[in-house]
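One structure below.
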Amino acid sequence: MHSELRAHAGDADRFHWHTFTGFDGASVSIDNFGASAPGGVCLEKFGFTVDNVVATAQALG
């Protein structure tokens with residue numbers, strides 16, 4: 001049996017991303033709107049850092 005681990009990181013909400021990641025996959029995404037700060041600050045606060053994306057992917061297996 002072949003198994004794939006899939007992760008998604010993007011600035012769209014994670015609704016329907018399970019189609020691509022599978023229900024056992026992971027997603028780093030933004031689930032709300034209206035945050036106001038410089039782009040880099042928002043990205044960090046929402047978890048869009050290299051460390052967090054790598055940790056999320058590694059946590060899959």
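Chain labels run A, B, ... following the order of the structure tokens; each chain numbers its residues from 1, and ligands are numbered from 1 in the order shown.
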message: If we count only C-alpha atoms and set the cut-off at 12 Å, which residues sit around Ala55 in chain A, ignoring sequence neighbours fewer than 4 positions away in its own chain? Please answer as a ChimeraX atom specification.
response: /A:7,9,26-28,47-51,59-61
message: If I take CA of Glu44 in chain A and CA of Ser29 in chain A, how far is one from the other in Å, to one decimal?
response: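 Taking CA of Glu44 in chain A and CA of Ser29 in chain A, their separation equals 11.5 Å.
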task: Rank nothing, just name the residue among A:Pro38, A:Val53, A:Gln58, A:Asp31 nearest to Trp17 in chain A, using only C-alpha atoms.
output: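 Checking each of A:Pro38, A:Val53, A:Gln58, A:Asp31 against Trp17 in chain A, counting only C-alpha atoms, the winner is A:Asp31.
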query: Using only C-alpha atoms, which residue out of A:Arg6, A:Phe46, A:His16, A:Thr56 lies closest to Phe33 in chain A?
result: A:Phe46
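The spacing separating CA of Gly39 in chain A from CA of Asn52 in chain A amounts to 16.9 Å.
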message: Rounded to one decimal, what separation in Å do you get between CA of Asp24 in chain A and CA of Ala57 in chain A?
response: 11.5 Å
field: Sel. of alpha helix (DSSP H) residues, range 8-51 of chain A, as a ChimeraX atom specification
entry: /A:18-21,39-45,50-51
Residues from the last selection, all heavy atoms, saved as a short mmCIF file (atom, residue, chain, number, x, y, z; two decimals), in the first residue's frame:
```
data_model
loop_
_atom_site.label_atom_id
_atom_site.label_comp_id
_atom_site.auth_asym_id
_atom_site.auth_seq_id
_atom_site.Cartn_x
_atom_site.Cartn_y
_atom_site.Cartn_z
N HIS A 18 -8.72 19.73 2.20
CA HIS A 18 -8.61 18.29 2.46
C HIS A 18 -8.75 17.48 1.17
O HIS A 18 -8.30 16.35 1.10
CB HIS A 18 -9.64 17.84 3.50
CG HIS A 18 -11.05 17.94 3.02
ND1 HIS A 18 -11.79 19.10 3.13
CD2 HIS A 18 -11.83 17.04 2.39
CE1 HIS A 18 -12.97 18.90 2.59
NE2 HIS A 18 -13.04 17.66 2.13
N THR A 19 -9.36 18.08 0.14
CA THR A 19 -9.45 17.41 -1.16
C THR A 19 -8.05 17.08 -1.67
O THR A 19 -7.84 16.05 -2.30
CB THR A 19 -10.18 18.31 -2.17
OG1 THR A 19 -11.47 18.61 -1.68
CG2 THR A 19 -10.29 17.64 -3.53
N PHE A 20 -7.10 17.94 -1.38
CA PHE A 20 -5.73 17.76 -1.85
C PHE A 20 -4.81 17.17 -0.79
O PHE A 20 -3.90 16.41 -1.10
CB PHE A 20 -5.16 19.10 -2.34
CG PHE A 20 -6.00 19.72 -3.41
CD1 PHE A 20 -6.87 20.75 -3.12
CD2 PHE A 20 -5.93 19.25 -4.71
CE1 PHE A 20 -7.65 21.31 -4.11
CE2 PHE A 20 -6.71 19.80 -5.71
CZ PHE A 20 -7.58 20.84 -5.41
N THR A 21 -5.03 17.53 0.46
CA THR A 21 -4.15 17.05 1.52
C THR A 21 -4.62 15.73 2.12
O THR A 21 -3.86 15.05 2.79
CB THR A 21 -4.05 18.07 2.67
OG1 THR A 21 -5.34 18.25 3.26
CG2 THR A 21 -3.50 19.40 2.20
N GLY A 39 2.52 43.26 6.23
CA GLY A 39 2.41 41.90 5.73
C GLY A 39 3.24 40.88 6.48
O GLY A 39 2.75 39.81 6.83
N GLY A 40 4.49 41.21 6.73
CA GLY A 40 5.36 40.27 7.44
C GLY A 40 4.88 39.95 8.83
O GLY A 40 5.00 38.81 9.30
N VAL A 41 4.31 40.93 9.50
CA VAL A 41 3.79 40.71 10.86
C VAL A 41 2.58 39.78 10.81
O VAL A 41 2.49 38.82 11.58
CB VAL A 41 3.40 42.06 11.52
CG1 VAL A 41 2.70 41.83 12.85
CG2 VAL A 41 4.64 42.92 11.71
N CYS A 42 1.66 40.04 9.87
CA CYS A 42 0.49 39.17 9.73
C CYS A 42 0.90 37.75 9.40
O CYS A 42 0.39 36.79 9.98
CB CYS A 42 -0.45 39.69 8.65
SG CYS A 42 -1.48 41.06 9.18
N LEU A 43 1.82 37.59 8.46
CA LEU A 43 2.25 36.25 8.06
C LEU A 43 2.83 35.49 9.25
O LEU A 43 2.52 34.32 9.46
CB LEU A 43 3.25 36.32 6.92
CG LEU A 43 2.68 36.76 5.58
CD1 LEU A 43 3.80 36.92 4.57
CD2 LEU A 43 1.63 35.79 5.08
N GLU A 44 3.65 36.17 10.05
CA GLU A 44 4.23 35.50 11.22
C GLU A 44 3.16 35.13 12.24
O GLU A 44 3.15 34.03 12.77
CB GLU A 44 5.29 36.40 11.87
CG GLU A 44 5.97 35.73 13.04
CD GLU A 44 7.08 36.58 13.65
OE1 GLU A 44 7.48 37.58 13.04
OE2 GLU A 44 7.52 36.22 14.75
N LYS A 45 2.24 36.05 12.50
CA LYS A 45 1.18 35.79 13.49
C LYS A 45 0.27 34.64 13.07
O LYS A 45 -0.26 33.92 13.91
CB LYS A 45 0.34 37.05 13.74
CG LYS A 45 1.10 38.17 14.39
CD LYS A 45 1.51 37.82 15.80
CE LYS A 45 2.23 38.99 16.44
NZ LYS A 45 2.69 38.67 17.79
N VAL A 50 9.01 29.74 8.12
CA VAL A 50 9.68 28.52 7.67
C VAL A 50 9.63 27.47 8.78
O VAL A 50 9.30 26.31 8.53
CB VAL A 50 11.14 28.82 7.25
CG1 VAL A 50 11.89 27.53 6.99
CG2 VAL A 50 11.16 29.72 6.03
N ASP A 51 9.94 27.87 9.99
CA ASP A 51 9.96 26.92 11.11
C ASP A 51 8.60 26.25 11.31
O ASP A 51 8.52 25.04 11.52
CB ASP A 51 10.39 27.60 12.40
CG ASP A 51 11.86 28.00 12.40
OD1 ASP A 51 12.64 27.43 11.59
OD2 ASP A 51 12.24 28.85 13.21
#
```
